[in-house]
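Enquirer: Handing you a structure now.
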Number of protein chains: 6
Amino acid sequence: MAAFEISPPDLRELVGAWLAEDIGRGDVTTTSVVPSDVEGRARIEAREPCVVAGVTAAALCFELTSSRFERVLEFKEVVGDGDRAAAGDVIARIEGPLAPILTAERTALNLLARLCGVATMTRTYVDAVDGTGARIVDTRKTTPGLRSLQKHAVVVGGGSNHRFGLDDGILIKDNHLAAAGGVSEALRRARANAPHGLRIEVEVSSLQELEESLEEGAEAILLDNMTPDRVSEAVRIAAGRALLEVSGGINLDTVRSYAMTGVDLISVGALTHSAPSIDLALELEE
Amino acid sequence: MAAFEISPPDLRELVGAWLAEDIGRGDVTTTSVVPSDVEGRARIEAREPCVVAGVTAAALCFELTSSRFERVLEFKEVVGDGDRAAAGDVIARIEGPLAPILTAERTALNLLARLCGVATMTRTYVDAVDGTGARIVDTRKTTPGLRSLQKHAVVVGGGSNHRFGLDDGILIKDNHLAAAGGVSEALRRARANAPHGLRIEVEVSSLQELEESLEEGAEAILLDNMTPDRVSEAVRIAAGRALLEVSGGINLDTVRSYAMTGVDLISVGALTHSAPSIDLALELEE
Amino acid sequence: MAAFEISPPDLRELVGAWLAEDIGRGDVTTTSVVPSDVEGRARIEAREPCVVAGVTAAALCFELTSSRFERVLEFKEVVGDGDRAAAGDVIARIEGPLAPILTAERTALNLLARLCGVATMTRTYVDAVDGTGARIVDTRKTTPGLRSLQKHAVVVGGGSNHRFGLDDGILIKDNHLAAAGGVSEALRRARANAPHGLRIEVEVSSLQELEESLEEGAEAILLDNMTPDRVSEAVRIAAGRALLEVSGGINLDTVRSYAMTGVDLISVGALTHSAPSIDLALELEE
Amino acid sequence: MAAFEISPPDLRELVGAWLAEDIGRGDVTTTSVVPSDVEGRARIEAREPCVVAGVTAAALCFELTSSRFERVLEFKEVVGDGDRAAAGDVIARIEGPLAPILTAERTALNLLARLCGVATMTRTYVDAVDGTGARIVDTRKTTPGLRSLQKHAVVVGGGSNHRFGLDDGILIKDNHLAAAGGVSEALRRARANAPHGLRIEVEVSSLQELEESLEEGAEAILLDNMTPDRVSEAVRIAAGRALLEVSGGINLDTVRSYAMTGVDLISVGALTHSAPSIDLALELEE
Amino acid sequence: MAAFEISPPDLRELVGAWLAEDIGRGDVTTTSVVPSDVEGRARIEAREPCVVAGVTAAALCFELTSSRFERVLEFKEVVGDGDRAAAGDVIARIEGPLAPILTAERTALNLLARLCGVATMTRTYVDAVDGTGARIVDTRKTTPGLRSLQKHAVVVGGGSNHRFGLDDGILIKDNHLAAAGGVSEALRRARANAPHGLRIEVEVSSLQELEESLEEGAEAILLDNMTPDRVSEAVRIAAGRALLEVSGGINLDTVRSYAMTGVDLISVGALTHSAPSIDLALELEE
Amino acid sequence: MAAFEISPPDLRELVGAWLAEDIGRGDVTTTSVVPSDVEGRARIEAREPCVVAGVTAAALCFELTSSRFERVLEFKEVVGDGDRAAAGDVIARIEGPLAPILTAERTALNLLARLCGVATMTRTYVDAVDGTGARIVDTRKTTPGLRSLQKHAVVVGGGSNHRFGLDDGILIKDNHLAAAGGVSEALRRARANAPHGLRIEVEVSSLQELEESLEEGAEAILLDNMTPDRVSEAVRIAAGRALLEVSGGINLDTVRSYAMTGVDLISVGALTHSAPSIDLALELEE
């Protein structure tokens, strides 16, 4: 269960703006070449294996576009968010007026390809740590404007969400520590000033800072750029007194060795900043 | 010279929305840990070689955030859009109140890293066709919400822009041809119905369709998924009667062989859908 | 077939804003005098002959207003866009709660009267060139805020649309020529810089500039303020190498003599800046 | 003194939307042909005699457009709102970057030409009733979206404003009377239900309804479609007990005969629905 | 009958913004603890006697929130606006998905409690002047953002509305008098400059100013801070020539003595600035 | 230090909307009676003792209104947020064009009076628990639309802020417990599903539920409607294992007895739902 999901009206507004970015004053090609009363059928197909995410957003692209023409089309999800599709699998079928199907095609595929990319990469990481108890979490390294959808894709890919923004969690990072003059002072300030409903997490780069953090009552600690051995040592030191998260230099080759240390959370920025788009296509049917 | 650039007020509005996505009700960590009157200096640094793009957008992140605090900071561009940065090079320096610098950091880097990625990949393709007369162009496979900025990054990377949307150019694609019942009929409809200010481009997948298109007066023709040899043959057939564009299956290994055919335009979707983010960092200075 | 039509949601938003301009906090007269549960019937009637345009926009005025009262009314179009109405003809019938009918009346008639005016004048010009092959086109001399609807009215009146804005066509006018230092240089710059999907049109005021433009590959040429004789000469010179458009000093007395020259397009600013409003009325029925 | 004027921020927003309607993604002609660092000077010139209105709105067109380019230009008003310009007179001078001057030209002239038209026609009517004590007032028959500016043009042309909308005045018209079942009942309802800050005006079409209205305490009475003789009789009957307004069938030939009757207000719908645009031009200077 | 009511779409927008203020990115407690498919029933209950107002706004809170979840719930009004509820009475019942009921609860109660407070206090004042002919009216001392709803609550509580804003009535107050240099000059200016559809009301603080106002034709006069005896004298002097309103220093103990003077309107700022919230609760049912 | 403060641009937008609610199309009284070039001076004065809050918002009312007139005025704060004012004390002085001062007066006072009310009541509660270590906190029982400003007023009055919305803290209340089937199950679900950055707080109504909560690892516990004796017992049981908050039935008479128990937080809904407005006035000066 994801803690937050973008609400349908908010998603509607976002998708509307993205369609407007592409459509502008109108789809002059389709309007000129395809009579508005022609009906058609199309399918969205995966051209490579993937975990699907973003079907609702893709459906909205078609539905909002057909409403521009005051027409109604039917969008049938075949593979739902979080399920796997093989190359050649049909993800969705669309039936109705052909013009809006063609007009919405590019925006829908642009979205779906990127979100499937995020879910697919997430699933790979989650599978790599299977059975270890460690959770794969995302970061705030998301594409501007797509945070909610990318974080949803992480969840359907099996991952968990870190903060949604700067206001729903406290994470004291290296630059904050520099500004405050050290771990202890930063934690003291956070305890004094932060709302009582938020846990206090701090990023540390040495075991000494870890111990300092535990003494000052940090409730979660981010171990930055440590080797798995160092992380194991950190887990031993913390002994359950705080949640431990690792971050930095983690890839598919190393993630399991981190997960084996007993750490609670492994955050992977690449999930949202470097997942490649999945190759998808919209094909018309006879 | 790019035909279109996002206007400063529109960029301001986009950046404002992206900051709001991250900041929400406020940056609780920074507000709790960093006193609002502390001043500081920071630099944005490349951690890998790249072509820079998006400096203006990054600057706006910091400026709009400091205006939230009713403070003013100074953002100094060191490397401008279109210039190369080596690993370790400083791209910009920021000086002023420390809190808004920390609050804006993530959104600014999220933008800059993606746009530098686009410009860098574009430059690689442009360099690969150097001296051939072929132009590298982008596609509509952009990230929803980022089209203007990504197309700007293509231009500063040395590429050219294709259509900005569905309303400023006619491109009759395979699905349109299917709907119209063939190349000739589709072109006839476009000539009859489209505004006289737009050229008519059509996608063809065979030399026979190419000849049909030339006969019907197509002004630009997109050769879809053809081998360089086929493209050479197409160039010979067209003999300057229409602009020729190639698309599909083009990568850094093959792009020059396409460029050598004498084709006018080579469109590369990967520039905007698969350019990896560039690794950048914001470092505080003493 | 018009290339672009304002989309229903965009029209809805425009009409909503126009209603708000008139209604403000509420229609105090109707609210005070007409009980909200009274039903009624009304008709919109032409008081002079006209070509009808804008019925959809008028319908929206009534529908959005009745939705302010959470009521539903029925708007029945009797004469559709593009059809002729004689004096006394009923254009539409409205049935339902009386209060919103009275509240929406003025905004609906304000719109409809102006759009019928545009369609009616357009039809007069189109009829005047009947059989000549010349097309009557509009200009950008539209009423701020009403461009889409006025251009729609031109189309249903039998005319064609020129550019919808500054971004979907290139038209190099006298002031651009002055800035660039002449026809040849301006055309060279346009060819070098403009997106490949747009044709290049240039305005010329002499036959010498016409020849210069043809040499530089202009695809459309606007002949500014020339006599029909001069235009005939221009048609002979161009010999089909470019689309020819005439503009300036054209009225109902002269338009056919221009059309007889063989020119392709005749643009008439008056269609959208000087078409008089048509006299219409809303009458209640027993 | 006008009771209401559109506020500068609201005007800014309206002008911004009108510019966006024309500019779309950008002015591709100017961007391609005119280098962004070229400076220039232009003048706006009347090509026929007129009363000027809308100079502030025109200035905003140029200023907002140059701000799109992050440039500053100087707009110097030469003839102010309400003053007369002869054919050939310069209304304003503009100096600065040439590109935004050319980009804003059309929208600025579209506005200015229409508003000068309203002010000029108003002045003609006002002059026609000079010395009679009757005031020329506008109606709600304005162009959707332009009401504030058109009503401002009426004022600078010497006229007065009627209601700005349905919420700042009570005017019981024929359809309201029909719905309420007569003048007396309608006035009773208005007195009972309307806010105490608003006067009650009623439209009457006979002297009998006039007397009924006076008995029921109407504070203003609109005499609809009466001859000047009938209006004189009405003035005698009313004897100052209510403001008298005439409307319907009034034109430049008849307006003075109405004004001579002693009526207080003469409302003329044509001021805002049929005033022809004034011919203006923007000329570049060496 | 209230002259103005906030329109359903405007109310929808206001309530949407208020929900967004509370919900932010989502209701993390409910999402974490209550499965989205659990159905439930709840009642809103008065915990003290009150006059109910705002049921429609409360219903919208629940409906808009359930639409965030793409669910539908049923809101059944039990006691309507203007009716009395005793302690323990059920005002409304809600049935449907439990999660949105819990998410909307606080915003709905926040609104309803305040609006019931306004209606309840208004009713007390209205009852206190029962039979006297004086009307209780509100002022512009409303809570920013809530004016329409508070004025609606005044009406359902039996009161009448004064101006809705600065644009739908003229009320010359002490500071205006000071700026104009006295009652006579201020009234002369208002008569000369104000639109003819608005009555002119002036605030006076002495009987001499009252007489001056009557001479200058004031149509309504606000007697500021006078004793009931003074007000009686004012009523005698005015003798029906203008509406008389009293304001200042009026409370439940004194209001009837003012009403007995024969004054027309008694305005009470406390109705909207000091009415205490009514104690309400939402209870889940088995 | 408050964790969140409404940002200046957001406040600007809110104040702009509140001004628009009052001003509508314009302040017809002031425009008619006060010439726009008259300058003036005014002071805002407290008419009863209070703790001041909202001066920045009040200043914005005047500044935004004068910008409507394209004028500049000077607003000088005399008493700042959080400071005490005695009856008769000047809170701020305003100097500049008189018209916008009069137009903004009501909205500014409406805001300031309410926010001073919140700060003043908060200070009374904070003083009442002085020296006890307990903190006075607000609730989500705020006025819709005013939450940020009311929570700011609580802080300057010496109180602390609870959650700003449903997304930045977990508080499991009685209805959630009912839905989940008890304290233990609800806490288990919250721990499993909630983001790791948020603490988990639960409301309990008995000591048994308190013990259950402590066992399940609740980090904060809200003791609902318990007597001070019960609360003392709870403090003893919790023994520092969780933050303890009391709520319900707390008033100025009882608050100190709760504070003496050693509880951490005392939440008082009345601070934001029942603080009476402070009596303030704007006086013109010679």
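Going by the structure tokens order, chains are called A, B, ..., each with residues numbered from 1, while ligands are numbered from 1 in the order shown.
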Define the interface residues of chain E facing chain F as those within 8 Å, counting only C-alpha atoms, and report them as an MDAnalysis selection string.

Expert: chainID E and resid 17:18 21:30 32:34 102:103 106:107 110:111 140:145 147 164:172 175:176 179:180 186:187 189:190 192:194 273:274 276:277 283:284

Enquirer: For stretch 65-74 of chain A, find every residue with an atom within 7 Å (counting only C-alpha atoms), except residues of its own chain fewer than 6 positions away, and show them as a compact mmCIF listing (two decimals) with C-alpha atoms, in the first residue's frame.

Expert:
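Contents of selection-v9.txt, as written:
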# COMPACT_ATOMS: atom_id res chain seq x y z
CA ILE A 94 -8.49 1.13 -27.45
CA GLU A 95 -11.63 1.25 -29.53
CA GLY A 96 -13.54 4.25 -30.81
CA PRO A 97 -13.08 7.32 -33.01
CA PRO A 100 -8.32 11.15 -31.04
CA ALA A 104 -3.16 11.13 -28.09
CA SER C 7 -11.75 22.26 -28.48
CA PRO C 8 -14.92 21.90 -26.42
CA PRO C 9 -13.11 22.21 -23.07

Enquirer: With only C-alpha atoms as the counted atoms, please give the residues lying no more than 9 Å from stretch 205-208 of chain C, apart from itself and same-chain residues fewer than 6 positions off, as a list in words.

Expert: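 That gives Asp174, Leu222, Leu223, Asp224, Asn225, Met226, Arg230, Glu233, Ala234 and Ile237 of chain C.
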
Enquirer: Find the residues around F:Ala46 up to 8 Å (only C-alpha atoms counted), leave out those fewer than 3 positions away in its own chain, and share them as a ChimeraX atom specification.

Expert: /F:49-50,85-91,278-281

Enquirer: Using only C-alpha atoms, which residues sit within 10 Å of C:Glu209 once same-chain residues fewer than 3 positions away are excluded, as a compact mmCIF listing (two decimals) with all heavy atoms, in the first residue's frame?

Expert:
# COMPACT_ATOMS: atom_id res chain seq x y z
N GLY C 182 16.07 43.72 -47.07
CA GLY C 182 15.66 43.32 -48.40
C GLY C 182 15.13 41.92 -48.50
O GLY C 182 15.30 41.09 -47.58
N VAL C 183 14.48 41.64 -49.59
CA VAL C 183 13.79 40.37 -49.80
C VAL C 183 14.75 39.18 -49.79
O VAL C 183 14.52 38.17 -49.12
CB VAL C 183 13.01 40.43 -51.13
CG1 VAL C 183 12.61 39.03 -51.58
CG2 VAL C 183 11.79 41.33 -51.01
N SER C 184 15.84 39.32 -50.52
CA SER C 184 16.73 38.17 -50.66
C SER C 184 17.34 37.77 -49.33
O SER C 184 17.36 36.59 -48.96
CB SER C 184 17.84 38.47 -51.67
OG SER C 184 17.27 38.82 -52.91
N VAL C 202 6.33 35.50 -48.27
CA VAL C 202 6.90 36.83 -48.16
C VAL C 202 5.96 37.82 -48.81
O VAL C 202 5.28 37.50 -49.78
CB VAL C 202 8.31 36.87 -48.80
CG1 VAL C 202 8.25 36.60 -50.30
CG2 VAL C 202 9.02 38.20 -48.53
N GLU C 203 5.89 39.00 -48.22
CA GLU C 203 5.05 40.06 -48.78
C GLU C 203 5.90 40.92 -49.71
O GLU C 203 6.99 41.35 -49.35
CB GLU C 203 4.52 40.91 -47.61
CG GLU C 203 3.72 42.12 -48.02
CD GLU C 203 3.27 42.93 -46.79
OE1 GLU C 203 2.72 42.33 -45.85
OE2 GLU C 203 3.51 44.15 -46.77
N VAL C 204 5.42 41.17 -50.93
CA VAL C 204 6.18 42.01 -51.86
C VAL C 204 5.28 43.15 -52.33
O VAL C 204 4.06 43.03 -52.38
CB VAL C 204 6.68 41.21 -53.08
CG1 VAL C 204 7.55 40.05 -52.65
CG2 VAL C 204 5.51 40.72 -53.93
N SER C 205 5.93 44.27 -52.69
CA SER C 205 5.15 45.41 -53.16
C SER C 205 5.53 45.83 -54.59
O SER C 205 5.05 46.85 -55.06
CB SER C 205 5.33 46.59 -52.19
OG SER C 205 6.69 46.80 -51.95
N SER C 206 6.35 45.02 -55.22
CA SER C 206 6.69 45.31 -56.62
C SER C 206 6.95 44.00 -57.35
O SER C 206 7.21 42.96 -56.72
CB SER C 206 7.94 46.19 -56.70
OG SER C 206 9.06 45.43 -56.30
N GLU C 212 12.58 38.45 -57.28
CA GLU C 212 13.62 38.17 -56.29
C GLU C 212 13.14 37.03 -55.36
O GLU C 212 13.90 36.12 -55.04
CB GLU C 212 13.83 39.44 -55.47
CG GLU C 212 15.26 39.72 -55.03
CD GLU C 212 15.34 41.07 -54.31
OE1 GLU C 212 14.67 42.04 -54.77
OE2 GLU C 212 16.04 41.14 -53.30
N SER C 213 11.89 37.10 -54.95
CA SER C 213 11.34 36.10 -54.04
C SER C 213 11.29 34.72 -54.70
O SER C 213 11.60 33.70 -54.06
CB SER C 213 9.91 36.47 -53.63
OG SER C 213 9.91 37.72 -52.99
N LEU C 214 10.89 34.71 -55.96
CA LEU C 214 10.81 33.43 -56.66
C LEU C 214 12.20 32.82 -56.80
O LEU C 214 12.39 31.61 -56.61
CB LEU C 214 10.17 33.62 -58.03
CG LEU C 214 8.67 33.96 -57.99
CD1 LEU C 214 8.19 34.51 -59.33
CD2 LEU C 214 7.86 32.71 -57.61
N GLU C 215 13.16 33.67 -57.06
CA GLU C 215 14.54 33.17 -57.18
C GLU C 215 15.05 32.57 -55.86
O GLU C 215 15.78 31.60 -55.86
CB GLU C 215 15.48 34.30 -57.61
CG GLU C 215 15.67 34.37 -59.11
CD GLU C 215 16.17 35.75 -59.53
OE1 GLU C 215 17.10 36.25 -58.86
OE2 GLU C 215 15.60 36.32 -60.48
N ILE C 221 3.69 33.94 -51.86
CA ILE C 221 4.04 35.35 -51.98
C ILE C 221 2.77 36.19 -51.85
O ILE C 221 1.76 35.91 -52.51
CB ILE C 221 4.74 35.62 -53.33
CG1 ILE C 221 6.06 34.82 -53.38
CG2 ILE C 221 5.02 37.11 -53.51
CD1 ILE C 221 6.74 34.82 -54.74
N LEU C 223 1.05 39.58 -52.46
CA LEU C 223 1.15 40.78 -53.29
C LEU C 223 0.38 41.89 -52.57
O LEU C 223 -0.85 41.81 -52.42
CB LEU C 223 0.53 40.50 -54.66
CG LEU C 223 1.08 39.25 -55.37
CD1 LEU C 223 0.21 38.90 -56.59
CD2 LEU C 223 2.53 39.46 -55.78

Enquirer: Which of stretch 79-244 of chain A counts as strand (DSSP E) under DSSP, as a PyMOL selection string please?

Expert: chain A and resi 84-85+90-97+135-137+170-172+200-204+220-224+243-244

Enquirer: Can I get the selected residues back with C-alpha atoms, as a PDB file, in the first residue's frame?

Expert:
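Final file, part29.pdb:
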ATOM      1  CA  ARG A  84       4.883  -8.131 -16.084  1.00  0.00           C
ATOM      2  CA  ALA A  85       4.544  -7.967 -19.857  1.00  0.00           C
ATOM      3  CA  VAL A  90      -0.703  -6.312 -25.460  1.00  0.00           C
ATOM      4  CA  ILE A  91      -0.913  -3.870 -22.551  1.00  0.00           C
ATOM      5  CA  ALA A  92      -4.172  -2.169 -23.514  1.00  0.00           C
ATOM      6  CA  ARG A  93      -6.760  -2.037 -26.286  1.00  0.00           C
ATOM      7  CA  ILE A  94      -8.492   1.129 -27.454  1.00  0.00           C
ATOM      8  CA  GLU A  95     -11.628   1.253 -29.528  1.00  0.00           C
ATOM      9  CA  GLY A  96     -13.540   4.245 -30.814  1.00  0.00           C
ATOM     10  CA  PRO A  97     -13.082   7.316 -33.011  1.00  0.00           C
ATOM     11  CA  ARG A 135      13.555  -2.486   1.365  1.00  0.00           C
ATOM     12  CA  ILE A 136      14.407  -0.669  -1.886  1.00  0.00           C
ATOM     13  CA  VAL A 137      13.370   2.996  -1.638  1.00  0.00           C
ATOM     14  CA  ILE A 170      13.427  15.509   8.122  1.00  0.00           C
ATOM     15  CA  LEU A 171      16.659  14.433   6.496  1.00  0.00           C
ATOM     16  CA  ILE A 172      19.731  16.296   7.645  1.00  0.00           C
ATOM     17  CA  ILE A 200      14.541  12.901  12.491  1.00  0.00           C
ATOM     18  CA  GLU A 201      16.914  11.268  10.008  1.00  0.00           C
ATOM     19  CA  VAL A 202      20.531  12.290   9.558  1.00  0.00           C
ATOM     20  CA  GLU A 203      23.137  11.415   6.955  1.00  0.00           C
ATOM     21  CA  VAL A 204      26.491  10.257   8.311  1.00  0.00           C
ATOM     22  CA  ALA A 220      16.829   7.095  11.238  1.00  0.00           C
ATOM     23  CA  ILE A 221      20.364   7.287   9.929  1.00  0.00           C
ATOM     24  CA  LEU A 222      21.506   7.417   6.330  1.00  0.00           C
ATOM     25  CA  LEU A 223      24.895   5.778   5.828  1.00  0.00           C
ATOM     26  CA  ASP A 224      26.438   7.611   2.903  1.00  0.00           C
ATOM     27  CA  LEU A 243      16.389   2.740  11.235  1.00  0.00           C
ATOM     28  CA  LEU A 244      19.440   2.387   8.977  1.00  0.00           C
TER      29      LEU A 244
END

Enquirer: Which residues are close to stretch 53-58 of chain E, i.e. within 6 Å by only C-alpha atoms, leaving aside same-chain residues fewer than 6 positions away? Reply as a list in words.

Expert: Asp81, Ala108, Leu112, Leu115, Cys116 and Ala153 of chain E

Enquirer: May I have the residues within 8 Å of E:Ala134 as a ChimeraX atom specification, using only C-alpha atoms and disregarding those fewer than 5 positions away in the same chain?

Expert: /E:129,259-260,262-266

Enquirer: What is the atom CA of D:Val246 to atom CA of D:Thr139 distance in Å?

Expert: 11.7 Å

Enquirer: Using Å and a single decimal, report how far atom CA of B:Val118 sits from atom CA of B:Gly158.

Expert: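 Going from atom CA of B:Gly158 over to atom CA of B:Val118, I get 10.9 Å.
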
Enquirer: Report, in Å with one decimal, the straight-line distance from atom CA of B:Arg47 to atom CA of B:Val255.

Expert: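 Taking atom CA of B:Arg47 as the start and atom CA of B:Val255 as the end point, the length is 27.8 Å.
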
Enquirer: Out of E:Asn161, E:Ser36, E:Gln150, E:Thr132, which residue has the shortest atom-to-atom distance to E:Gly117 when counting only C-alpha atoms?

Expert: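 When distances to E:Gly117 are compared using only C-alpha atoms, the smallest one comes from E:Gln150.
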
Enquirer: Run DSSP on the backbone and grab whatever in stretch 83-277 of chain F lands in alpha helix (DSSP H); send it over as a PyMOL selection string.

Expert: chain F and resi 98-128+147-156+174-180+183-193+207-215+228-238+255-259+270-273
